[in-house]
>>> print(open('data00.csv').read())   # CSV, C-alpha atoms and all ligand atoms
chain,number,residue,atom,x,y,z
A,1,MET,CA,96.7,101.7,67.7
A,2,TYR,CA,96.6,99.3,70.6
A,3,THR,CA,93.7,97.1,71.7
A,4,ASN,CA,92.7,95.1,74.8
A,5,ILE,CA,93.6,97.9,77.3
A,6,PHE,CA,92.6,97.1,80.9
A,7,ASP,CA,92.6,100.2,83.1
A,8,SER,CA,92.7,98.7,86.6
A,9,HIS,CA,92.2,102.0,88.5
A,10,ALA,CA,90.0,104.9,87.4
A,11,HIS,CA,87.8,107.5,89.1
A,12,TYR,CA,85.2,108.4,86.4
A,13,ASP,CA,82.8,109.5,89.1
A,14,ASP,CA,85.2,112.5,89.7
A,15,GLU,CA,83.6,115.9,89.0
A,16,ARG,CA,86.4,116.6,86.4
A,17,PHE,CA,84.5,114.2,84.1
A,18,SER,CA,81.0,115.6,84.8
A,19,GLU,CA,80.7,117.6,81.6
A,20,ASP,CA,81.7,115.1,79.0
A,21,LEU,CA,81.7,111.7,80.8
A,22,HIS,CA,79.2,110.0,78.6
A,23,THR,CA,80.7,111.2,75.4
A,24,LEU,CA,84.0,110.0,76.6
A,25,LEU,CA,82.8,106.6,77.7
A,26,ALA,CA,80.6,106.0,74.7
A,27,ASP,CA,83.7,106.2,72.5
A,28,ILE,CA,86.4,104.8,74.7
A,29,GLN,CA,86.2,101.2,73.4
A,30,ASN,CA,87.0,102.6,69.9
A,31,ALA,CA,90.3,103.8,71.4
A,32,GLY,CA,91.2,100.2,72.4
A,33,VAL,CA,90.0,100.2,76.0
A,34,SER,CA,88.4,96.9,76.8
A,35,HIS,CA,87.9,97.0,80.6
A,36,ILE,CA,87.9,99.6,83.4
A,37,VAL,CA,87.8,99.1,87.2
A,38,ASN,CA,86.4,102.3,88.6
A,39,CYS,CA,87.4,102.8,92.3
A,40,ALA,CA,85.1,104.4,94.8
A,41,THR,CA,86.4,106.7,97.5
A,42,ASN,CA,83.4,106.8,99.9
A,43,LEU,CA,79.7,105.7,100.1
A,44,SER,CA,78.3,108.4,97.8
A,45,SER,CA,81.1,107.7,95.3
A,46,ALA,CA,80.3,104.0,95.6
A,47,LYS,CA,76.7,104.6,94.5
A,48,LYS,CA,77.9,106.6,91.5
A,49,CYS,CA,80.4,103.9,90.6
A,50,ILE,CA,77.7,101.2,90.7
A,51,GLU,CA,75.5,103.3,88.4
A,52,LEU,CA,78.3,103.6,85.9
A,53,SER,CA,79.0,99.9,86.0
A,54,GLU,CA,75.4,99.2,85.4
A,55,LYS,CA,75.3,101.5,82.4
A,56,TYR,CA,78.5,100.3,80.8
A,57,PRO,CA,79.2,96.6,80.4
A,58,PHE,CA,83.0,97.2,80.3
A,59,ILE,CA,83.1,99.1,83.6
A,60,TYR,CA,83.5,97.2,86.8
A,61,THR,CA,83.7,98.7,90.3
A,62,ALA,CA,85.7,98.6,93.5
A,63,LEU,CA,84.0,99.8,96.6
A,64,GLY,CA,85.6,101.2,99.7
A,65,VAL,CA,86.6,104.2,101.8
A,66,HIS,CA,89.7,106.0,100.7
A,67,PRO,CA,92.2,107.2,103.4
A,68,HIS,CA,91.4,110.8,102.5
A,69,GLU,CA,87.7,110.2,103.2
A,70,CYS,CA,87.9,108.5,106.6
A,71,SER,CA,87.3,111.7,108.6
A,72,ASP,CA,84.1,112.5,106.8
A,73,ALA,CA,82.7,109.0,106.8
A,74,GLN,CA,79.4,108.3,108.6
A,75,ASN,CA,79.3,106.0,111.6
A,76,ASP,CA,77.7,103.3,109.5
A,77,GLU,CA,79.6,104.0,106.2
A,78,LEU,CA,81.4,100.6,106.2
A,79,GLU,CA,78.2,98.7,107.0
A,80,GLN,CA,76.6,100.5,104.0
A,81,ILE,CA,79.6,99.7,101.8
A,82,GLU,CA,79.5,96.1,102.9
A,83,LYS,CA,75.8,95.8,101.7
A,84,LEU,CA,76.9,96.8,98.2
A,85,LEU,CA,79.8,94.4,97.9
A,86,SER,CA,77.5,91.6,96.6
A,87,HIS,CA,76.7,93.7,93.5
A,88,ASN,CA,77.5,91.7,90.4
A,89,LYS,CA,79.8,94.4,89.0
A,90,CYS,CA,81.8,94.8,92.2
A,91,VAL,CA,85.1,93.1,91.8
A,92,ALA,CA,87.2,94.5,94.7
A,93,VAL,CA,87.3,96.4,97.9
A,94,GLY,CA,89.0,99.7,97.1
A,95,GLU,CA,90.3,102.2,97.2
A,96,ILE,CA,91.6,101.6,100.7
A,97,GLY,CA,94.9,102.2,102.4
A,98,LEU,CA,97.1,104.8,104.0
A,99,ASP,CA,98.2,108.3,103.0
A,100,TYR,CA,100.8,109.9,105.3
A,101,HIS,CA,101.8,112.4,102.7
A,102,TYR,CA,98.6,114.5,102.9
A,103,ASP,CA,97.3,113.2,106.2
A,104,PHE,CA,93.8,114.4,105.4
A,105,SER,CA,92.5,111.9,108.0
A,106,PRO,CA,94.2,111.2,111.3
A,107,ARG,CA,96.5,108.2,111.0
A,108,GLU,CA,94.8,106.2,113.7
A,109,LEU,CA,91.5,106.5,111.8
A,110,GLN,CA,93.2,105.6,108.5
A,111,LEU,CA,94.7,102.5,110.1
A,112,ASP,CA,91.3,101.6,111.6
A,113,PHE,CA,89.4,101.9,108.3
A,114,PHE,CA,92.2,100.1,106.4
A,115,GLU,CA,92.2,97.2,108.7
A,116,LYS,CA,88.4,96.9,108.8
A,117,GLN,CA,88.3,96.9,105.0
A,118,LEU,CA,91.0,94.3,104.7
A,119,ILE,CA,88.9,92.1,107.0
A,120,LEU,CA,85.8,92.8,104.8
A,121,ALA,CA,87.7,91.8,101.7
A,122,ASN,CA,88.8,88.5,103.1
A,123,LYS,CA,85.3,87.9,104.4
A,124,TYR,CA,83.8,88.2,100.9
A,125,ASN,CA,86.8,86.7,99.2
A,126,LEU,CA,87.4,89.9,97.2
A,127,PRO,CA,90.8,91.4,96.2
A,128,VAL,CA,91.8,94.8,97.6
A,129,ILE,CA,93.0,97.9,95.7
A,130,VAL,CA,95.5,99.5,98.0
A,131,HIS,CA,96.7,103.2,98.2
A,132,ASP,CA,100.0,103.6,100.0
A,133,ARG,CA,101.6,107.0,100.0
A,134,GLU,CA,104.6,107.4,102.3
A,135,ALA,CA,103.1,104.8,104.6
A,136,HIS,CA,105.0,101.7,103.4
A,137,ALA,CA,105.9,100.2,106.8
A,138,ASP,CA,102.3,100.3,108.2
A,139,THR,CA,100.8,99.3,104.8
A,140,MET,CA,103.1,96.2,104.6
A,141,ASN,CA,102.5,95.3,108.3
A,142,LEU,CA,98.7,95.1,107.6
A,143,LEU,CA,99.1,93.3,104.3
A,144,LYS,CA,101.4,90.7,105.9
A,145,LYS,CA,98.9,90.3,108.7
A,146,TYR,CA,95.8,89.8,106.5
A,147,LYS,CA,97.4,88.4,103.3
A,148,PRO,CA,94.6,89.7,101.0
A,149,LYS,CA,94.5,89.1,97.2
A,150,GLY,CA,95.0,92.4,95.5
A,151,VAL,CA,97.1,95.2,94.1
A,152,VAL,CA,99.1,98.0,95.5
A,153,HIS,CA,98.2,100.8,93.0
A,154,CYS,CA,100.3,103.6,91.7
A,155,PHE,CA,103.2,101.9,93.4
A,156,SER,CA,105.6,104.5,94.8
A,157,GLY,CA,107.8,102.4,97.0
A,158,SER,CA,111.3,100.9,96.5
A,159,VAL,CA,112.2,97.7,94.7
A,160,GLU,CA,112.7,96.2,98.2
A,161,THR,CA,109.1,96.9,99.1
A,162,ALA,CA,107.9,95.8,95.6
A,163,LYS,CA,109.6,92.5,96.3
A,164,GLU,CA,107.7,92.1,99.6
A,165,VAL,CA,104.4,92.9,97.8
A,166,VAL,CA,105.1,90.3,95.1
A,167,ALA,CA,106.2,87.8,97.7
A,168,LEU,CA,102.7,88.1,99.2
A,169,GLY,CA,101.2,87.1,95.8
A,170,MET,CA,99.9,90.6,95.2
A,171,TYR,CA,100.1,92.7,92.1
A,172,ILE,CA,101.8,96.1,91.4
A,173,GLY,CA,99.9,98.8,89.7
A,174,LEU,CA,101.8,101.3,87.6
A,175,GLY,CA,100.5,104.4,85.9
A,176,GLY,CA,101.6,107.7,84.4
A,177,ALA,CA,104.3,108.3,87.1
A,178,VAL,CA,106.6,106.0,85.2
A,179,THR,CA,106.8,108.5,82.4
A,180,PHE,CA,107.7,111.5,84.6
A,181,LYS,CA,111.1,113.0,84.2
A,182,ASN,CA,112.1,112.3,87.8
A,183,ALA,CA,110.8,108.7,87.6
A,184,LYS,CA,113.8,106.8,88.9
A,185,LYS,CA,112.1,104.6,91.5
A,186,PRO,CA,109.0,103.7,89.4
A,187,LEU,CA,111.3,102.7,86.5
A,188,GLU,CA,113.4,100.5,88.8
A,189,VAL,CA,110.2,98.9,90.0
A,190,ALA,CA,108.9,98.5,86.4
A,191,ALA,CA,112.1,96.7,85.5
A,192,PHE,CA,111.8,94.4,88.6
A,193,VAL,CA,108.1,93.5,88.6
A,194,PRO,CA,107.5,90.1,86.9
A,195,THR,CA,105.1,90.7,84.0
A,196,ASP,CA,102.6,88.3,85.5
A,197,LYS,CA,102.4,90.6,88.6
A,198,LEU,CA,101.9,93.9,86.8
A,199,LEU,CA,98.7,95.9,86.2
A,200,LEU,CA,98.3,99.0,84.1
A,201,GLU,CA,96.3,101.9,85.4
A,202,THR,CA,95.5,105.6,85.0
A,203,ASP,CA,94.2,106.8,88.4
A,204,CYS,CA,92.4,109.2,86.2
A,205,PRO,CA,91.6,112.1,86.3
A,206,TYR,CA,95.0,112.3,88.0
A,207,MET,CA,98.5,111.2,87.0
A,208,SER,CA,98.4,111.9,83.3
A,209,PRO,CA,101.5,110.4,81.5
A,210,VAL,CA,103.9,112.6,79.7
A,211,PRO,CA,103.3,114.5,77.3
A,212,PHE,CA,99.9,115.2,79.0
A,213,ARG,CA,101.3,115.6,82.5
A,214,GLY,CA,99.1,118.1,84.5
A,215,LYS,CA,96.1,117.7,82.2
A,216,ARG,CA,93.1,115.5,82.8
A,217,ASN,CA,93.9,111.8,82.5
A,218,ASP,CA,91.7,109.1,81.0
A,219,SER,CA,92.0,105.4,80.0
A,220,THR,CA,92.9,106.2,76.4
A,221,LEU,CA,96.3,107.5,77.6
A,222,ILE,CA,97.5,104.2,79.0
A,223,PRO,CA,99.6,103.4,75.9
A,224,TYR,CA,102.0,106.2,76.9
A,225,THR,CA,102.6,104.4,80.2
A,226,ALA,CA,102.7,101.0,78.5
A,227,GLN,CA,105.3,102.2,76.0
A,228,THR,CA,107.6,103.3,78.8
A,229,ILE,CA,107.2,100.1,80.8
A,230,ALA,CA,107.6,97.9,77.7
A,231,GLN,CA,110.8,99.7,76.8
A,232,VAL,CA,112.3,99.1,80.3
A,233,LYS,CA,111.3,95.5,80.1
A,234,ASP,CA,112.3,95.2,76.5
A,235,ILE,CA,109.0,93.6,75.3
A,236,ASP,CA,106.5,94.5,72.7
A,237,VAL,CA,103.9,97.1,73.8
A,238,GLN,CA,100.8,95.2,72.7
A,239,GLN,CA,102.2,92.1,74.3
A,240,LEU,CA,102.6,94.0,77.6
A,241,ILE,CA,99.0,95.3,77.3
A,242,ASP,CA,97.7,91.8,76.6
A,243,ILE,CA,99.6,90.3,79.6
A,244,THR,CA,98.4,92.9,82.0
A,245,ASN,CA,94.8,92.5,80.7
A,246,ASN,CA,95.0,88.8,81.5
A,247,ASN,CA,96.5,89.6,84.9
A,248,ALA,CA,93.7,92.0,85.8
A,249,LYS,CA,91.0,89.6,84.6
A,250,LYS,CA,92.5,86.9,86.8
A,251,LEU,CA,92.8,89.1,89.8
A,252,PHE,CA,89.3,90.5,89.5
A,253,SER,CA,87.7,87.2,88.4
A,254,ILE,CA,86.4,88.7,85.1
A,255,SER,CA,85.8,86.1,82.5
A,256,ASP,CA,85.0,88.0,79.3
B,301,NI,NI,92.9,106.3,93.0
>>> encode(input="data00.csv", output="structure tokens")
Amino acid sequence: MYTNIFDSHAHYDDERFSEDLHTLLADIQNAGVSHIVNCATNLSSAKKCIELSEKYPFIYTALGVHPHECSDAQNDELEQIEKLLSHNKCVAVGEIGLDYHYDFSPRELQLDFFEKQLILANKYNLPVIVHDREAHADTMNLLKKYKPKGVVHCFSGSVETAKEVVALGMYIGLGGAVTFKNAKKPLEVAAFVPTDKLLLETDCPYMSPVPFRGKRNDSTLIPYTAQTIAQVKDIDVQQLIDITNNNAKKLFSISD
């Protein structure tokens, strides 16, 4: 069994956890999970994420408006989010970014929310948790412009883009996608990313690693992802978990 697992990206406020959330979280440390950063997707999700972080010492929270949610956001949504950023368990602005795969919100609006939240993060000296799906060029343009601290999560770009992210001093988040059968690019990226720039994540309830692909994901499945990455990098699995735990603590300024 592995210990010291830091899940840098989860969505435990998702309704897929509503039936057994507290049973799952009450026991999750016994499965070796030491820290979780739960990522909000909008204001109501932010409030739920804060409640969870207050109930569980090992849960931290990122607050922000996800690209999918921009269309439904209230006029003052970002002002309301900003007021919550000073919460002592809030460690990042997220999940923010661009999603040109689903395009659930118009791209102009996504760009506007992303830019405003990059500015917010810098204003409060917080790292960002960035979602980039099929929007690599626009994402990189804004990251280069604002140079935030942070992570590009569930990284789906090429090694070339990964190089640009690392050159900005940012981290690369990798999850269950590295275990998928067609995972050519994620594995190339896993091989390239310096271990001191790598974070492990679930994006649960989504992105379950093989052999649980398609089922509900949770932080206890991170070892499957870690094993795949450790194999590619030819290092010990627990060592990889320990390094990524340290990386995440450093990025999110968590001391325990
Ligand atoms: Ni996410």
>>> residues_near_ligand(input="data00.csv", ligand="ligand NI 301 (chain B)", cutoff="7 Å", atoms="only C-alpha atoms and all ligand atoms", output="count of residues only")
6
>>> closest_residue(input="data00.csv", among="A:Glu77, A:Asp218, A:Glu201, A:Asp13", to="Tyr171 of chain A", atoms="all atoms listed in the file")
A:Glu201
>>> closest_residue(input="data00.csv", among="A:Leu78, A:Ile241, A:Leu85, A:Val91", to="Val37 of chain A", atoms="only C-alpha atoms")
A:Val91
>>> closest_residue(input="data00.csv", among="A:Tyr146, A:Phe212, A:Phe113, A:Tyr224", to="Asp76 of chain A", atoms="only C-alpha atoms")
A:Phe113
>>> closest_residue(input="data00.csv", among="A:Pro67, A:Gly169, A:Gly176, A:Pro205", to="Ala226 of chain A", atoms="all atoms listed in the file")
A:Gly176
>>> atom_distance(input="data00.csv", atom1="atom CA of Ala167 of chain A", atom2="atom CA of Val189 of chain A")
14.1 Å
>>> decode(input="data00.csv", residues="segment 213-250 of chain A", atoms="N, CA, C and O atoms", output="mmCIF file, in the first residue's frame")
data_model
loop_
_atom_site.group_PDB
_atom_site.id
_atom_site.type_symbol
_atom_site.label_atom_id
_atom_site.label_comp_id
_atom_site.auth_asym_id
_atom_site.auth_seq_id
_atom_site.Cartn_x
_atom_site.Cartn_y
_atom_site.Cartn_z
ATOM 1 N N ARG A 213 -11.683 2.457 -15.720
ATOM 2 C CA ARG A 213 -12.121 3.448 -16.695
ATOM 3 C C ARG A 213 -13.639 3.370 -16.893
ATOM 4 O O ARG A 213 -14.194 2.283 -17.061
ATOM 5 N N GLY A 214 -14.296 4.561 -16.851
ATOM 6 C CA GLY A 214 -15.741 4.604 -17.042
ATOM 7 C C GLY A 214 -16.507 4.552 -15.726
ATOM 8 O O GLY A 214 -17.661 4.929 -15.655
ATOM 9 N N LYS A 215 -15.842 4.058 -14.658
ATOM 10 C CA LYS A 215 -16.490 4.039 -13.344
ATOM 11 C C LYS A 215 -16.185 5.348 -12.611
ATOM 12 O O LYS A 215 -15.357 6.134 -13.039
ATOM 13 N N ARG A 216 -16.820 5.540 -11.465
ATOM 14 C CA ARG A 216 -16.570 6.753 -10.685
ATOM 15 C C ARG A 216 -15.150 6.718 -10.120
ATOM 16 O O ARG A 216 -14.718 5.735 -9.537
ATOM 17 N N ASN A 217 -14.467 7.812 -10.272
ATOM 18 C CA ASN A 217 -13.093 7.912 -9.779
ATOM 19 C C ASN A 217 -13.078 8.493 -8.361
ATOM 20 O O ASN A 217 -13.997 9.207 -7.971
ATOM 21 N N ASP A 218 -12.047 8.192 -7.601
ATOM 22 C CA ASP A 218 -11.796 8.899 -6.337
ATOM 23 C C ASP A 218 -10.303 8.837 -6.019
ATOM 24 O O ASP A 218 -9.556 8.122 -6.690
ATOM 25 N N SER A 219 -9.876 9.563 -5.016
ATOM 26 C CA SER A 219 -8.443 9.739 -4.743
ATOM 27 C C SER A 219 -7.711 8.436 -4.436
ATOM 28 O O SER A 219 -6.491 8.359 -4.590
ATOM 29 N N THR A 220 -8.436 7.407 -3.999
ATOM 30 C CA THR A 220 -7.756 6.146 -3.664
ATOM 31 C C THR A 220 -7.253 5.420 -4.910
ATOM 32 O O THR A 220 -6.493 4.463 -4.794
ATOM 33 N N LEU A 221 -7.665 5.885 -6.106
ATOM 34 C CA LEU A 221 -7.221 5.218 -7.339
ATOM 35 C C LEU A 221 -5.953 5.849 -7.921
ATOM 36 O O LEU A 221 -5.434 5.387 -8.940
ATOM 37 N N ILE A 222 -5.439 6.882 -7.281
ATOM 38 C CA ILE A 222 -4.224 7.544 -7.787
ATOM 39 C C ILE A 222 -3.040 6.584 -7.968
ATOM 40 O O ILE A 222 -2.255 6.745 -8.910
ATOM 41 N N PRO A 223 -2.871 5.562 -7.118
ATOM 42 C CA PRO A 223 -1.732 4.656 -7.346
ATOM 43 C C PRO A 223 -1.681 4.043 -8.747
ATOM 44 O O PRO A 223 -0.587 3.818 -9.271
ATOM 45 N N TYR A 224 -2.825 3.814 -9.385
ATOM 46 C CA TYR A 224 -2.795 3.252 -10.746
ATOM 47 C C TYR A 224 -2.142 4.232 -11.713
ATOM 48 O O TYR A 224 -1.369 3.857 -12.598
ATOM 49 N N THR A 225 -2.458 5.508 -11.537
ATOM 50 C CA THR A 225 -1.841 6.550 -12.356
ATOM 51 C C THR A 225 -0.352 6.671 -12.019
ATOM 52 O O THR A 225 0.501 6.750 -12.909
ATOM 53 N N ALA A 226 -0.061 6.656 -10.730
ATOM 54 C CA ALA A 226 1.335 6.799 -10.286
ATOM 55 C C ALA A 226 2.197 5.648 -10.795
ATOM 56 O O ALA A 226 3.345 5.858 -11.210
ATOM 57 N N GLN A 227 1.640 4.434 -10.783
ATOM 58 C CA GLN A 227 2.410 3.278 -11.265
ATOM 59 C C GLN A 227 2.788 3.448 -12.736
ATOM 60 O O GLN A 227 3.916 3.165 -13.132
ATOM 61 N N THR A 228 1.838 3.915 -13.541
ATOM 62 C CA THR A 228 2.098 4.097 -14.970
ATOM 63 C C THR A 228 3.185 5.139 -15.192
ATOM 64 O O THR A 228 4.112 4.943 -15.985
ATOM 65 N N ILE A 229 3.081 6.275 -14.477
ATOM 66 C CA ILE A 229 4.068 7.349 -14.651
ATOM 67 C C ILE A 229 5.442 6.905 -14.134
ATOM 68 O O ILE A 229 6.470 7.162 -14.770
ATOM 69 N N ALA A 230 5.441 6.222 -12.992
ATOM 70 C CA ALA A 230 6.715 5.771 -12.408
ATOM 71 C C ALA A 230 7.436 4.814 -13.352
ATOM 72 O O ALA A 230 8.663 4.851 -13.475
ATOM 73 N N GLN A 231 6.641 3.979 -14.030
ATOM 74 C CA GLN A 231 7.227 3.032 -14.976
ATOM 75 C C GLN A 231 7.887 3.766 -16.146
ATOM 76 O O GLN A 231 9.016 3.468 -16.526
ATOM 77 N N VAL A 232 7.187 4.763 -16.673
ATOM 78 C CA VAL A 232 7.718 5.545 -17.788
ATOM 79 C C VAL A 232 8.996 6.279 -17.374
ATOM 80 O O VAL A 232 9.936 6.404 -18.143
ATOM 81 N N LYS A 233 9.012 6.778 -16.129
ATOM 82 C CA LYS A 233 10.161 7.555 -15.665
ATOM 83 C C LYS A 233 11.210 6.676 -14.987
ATOM 84 O O LYS A 233 12.257 7.165 -14.556
ATOM 85 N N ASP A 234 10.896 5.388 -14.884
ATOM 86 C CA ASP A 234 11.804 4.429 -14.274
ATOM 87 C C ASP A 234 12.224 4.850 -12.863
ATOM 88 O O ASP A 234 13.415 4.867 -12.533
ATOM 89 N N ILE A 235 11.229 5.221 -12.056
ATOM 90 C CA ILE A 235 11.516 5.476 -10.643
ATOM 91 C C ILE A 235 10.517 4.702 -9.785
ATOM 92 O O ILE A 235 9.516 4.191 -10.278
ATOM 93 N N ASP A 236 10.810 4.628 -8.511
ATOM 94 C CA ASP A 236 9.964 3.912 -7.558
ATOM 95 C C ASP A 236 8.615 4.630 -7.408
ATOM 96 O O ASP A 236 8.566 5.862 -7.376
ATOM 97 N N VAL A 237 7.529 3.869 -7.299
ATOM 98 C CA VAL A 237 6.190 4.459 -7.243
ATOM 99 C C VAL A 237 6.024 5.340 -5.998
ATOM 100 O O VAL A 237 5.543 6.477 -6.083
ATOM 101 N N GLN A 238 6.421 4.818 -4.837
ATOM 102 C CA GLN A 238 6.264 5.611 -3.613
ATOM 103 C C GLN A 238 7.121 6.875 -3.671
ATOM 104 O O GLN A 238 6.715 7.932 -3.201
ATOM 105 N N GLN A 239 8.293 6.740 -4.276
ATOM 106 C CA GLN A 239 9.170 7.908 -4.419
ATOM 107 C C GLN A 239 8.494 8.982 -5.267
ATOM 108 O O GLN A 239 8.522 10.173 -4.936
ATOM 109 N N LEU A 240 7.850 8.555 -6.357
ATOM 110 C CA LEU A 240 7.121 9.493 -7.216
ATOM 111 C C LEU A 240 5.983 10.160 -6.434
ATOM 112 O O LEU A 240 5.778 11.380 -6.516
ATOM 113 N N ILE A 241 5.252 9.357 -5.667
ATOM 114 C CA ILE A 241 4.150 9.892 -4.859
ATOM 115 C C ILE A 241 4.683 10.914 -3.851
ATOM 116 O O ILE A 241 4.099 11.979 -3.651
ATOM 117 N N ASP A 242 5.815 10.598 -3.225
ATOM 118 C CA ASP A 242 6.410 11.516 -2.239
ATOM 119 C C ASP A 242 6.855 12.827 -2.889
ATOM 120 O O ASP A 242 6.628 13.911 -2.348
ATOM 121 N N ILE A 243 7.494 12.717 -4.050
ATOM 122 C CA ILE A 243 7.969 13.930 -4.741
ATOM 123 C C ILE A 243 6.787 14.811 -5.128
ATOM 124 O O ILE A 243 6.797 16.026 -4.913
ATOM 125 N N THR A 244 5.740 14.188 -5.684
ATOM 126 C CA THR A 244 4.593 14.988 -6.127
ATOM 127 C C THR A 244 3.837 15.575 -4.934
ATOM 128 O O THR A 244 3.244 16.645 -5.040
ATOM 129 N N ASN A 245 3.874 14.894 -3.799
ATOM 130 C CA ASN A 245 3.274 15.446 -2.578
ATOM 131 C C ASN A 245 4.014 16.731 -2.187
ATOM 132 O O ASN A 245 3.390 17.763 -1.916
ATOM 133 N N ASN A 246 5.328 16.657 -2.205
ATOM 134 C CA ASN A 246 6.137 17.853 -1.882
ATOM 135 C C ASN A 246 5.895 18.983 -2.868
ATOM 136 O O ASN A 246 5.792 20.147 -2.480
ATOM 137 N N ASN A 247 5.823 18.637 -4.166
ATOM 138 C CA ASN A 247 5.576 19.650 -5.196
ATOM 139 C C ASN A 247 4.266 20.386 -4.920
ATOM 140 O O ASN A 247 4.194 21.615 -5.000
ATOM 141 N N ALA A 248 3.220 19.599 -4.625
ATOM 142 C CA ALA A 248 1.897 20.188 -4.415
ATOM 143 C C ALA A 248 1.899 21.073 -3.169
ATOM 144 O O ALA A 248 1.340 22.169 -3.172
ATOM 145 N N LYS A 249 2.541 20.596 -2.102
ATOM 146 C CA LYS A 249 2.602 21.412 -0.879
ATOM 147 C C LYS A 249 3.317 22.731 -1.145
ATOM 148 O O LYS A 249 2.916 23.770 -0.642
ATOM 149 N N LYS A 250 4.360 22.652 -1.942
ATOM 150 C CA LYS A 250 5.119 23.867 -2.263
ATOM 151 C C LYS A 250 4.244 24.829 -3.078
ATOM 152 O O LYS A 250 4.128 26.007 -2.752
#
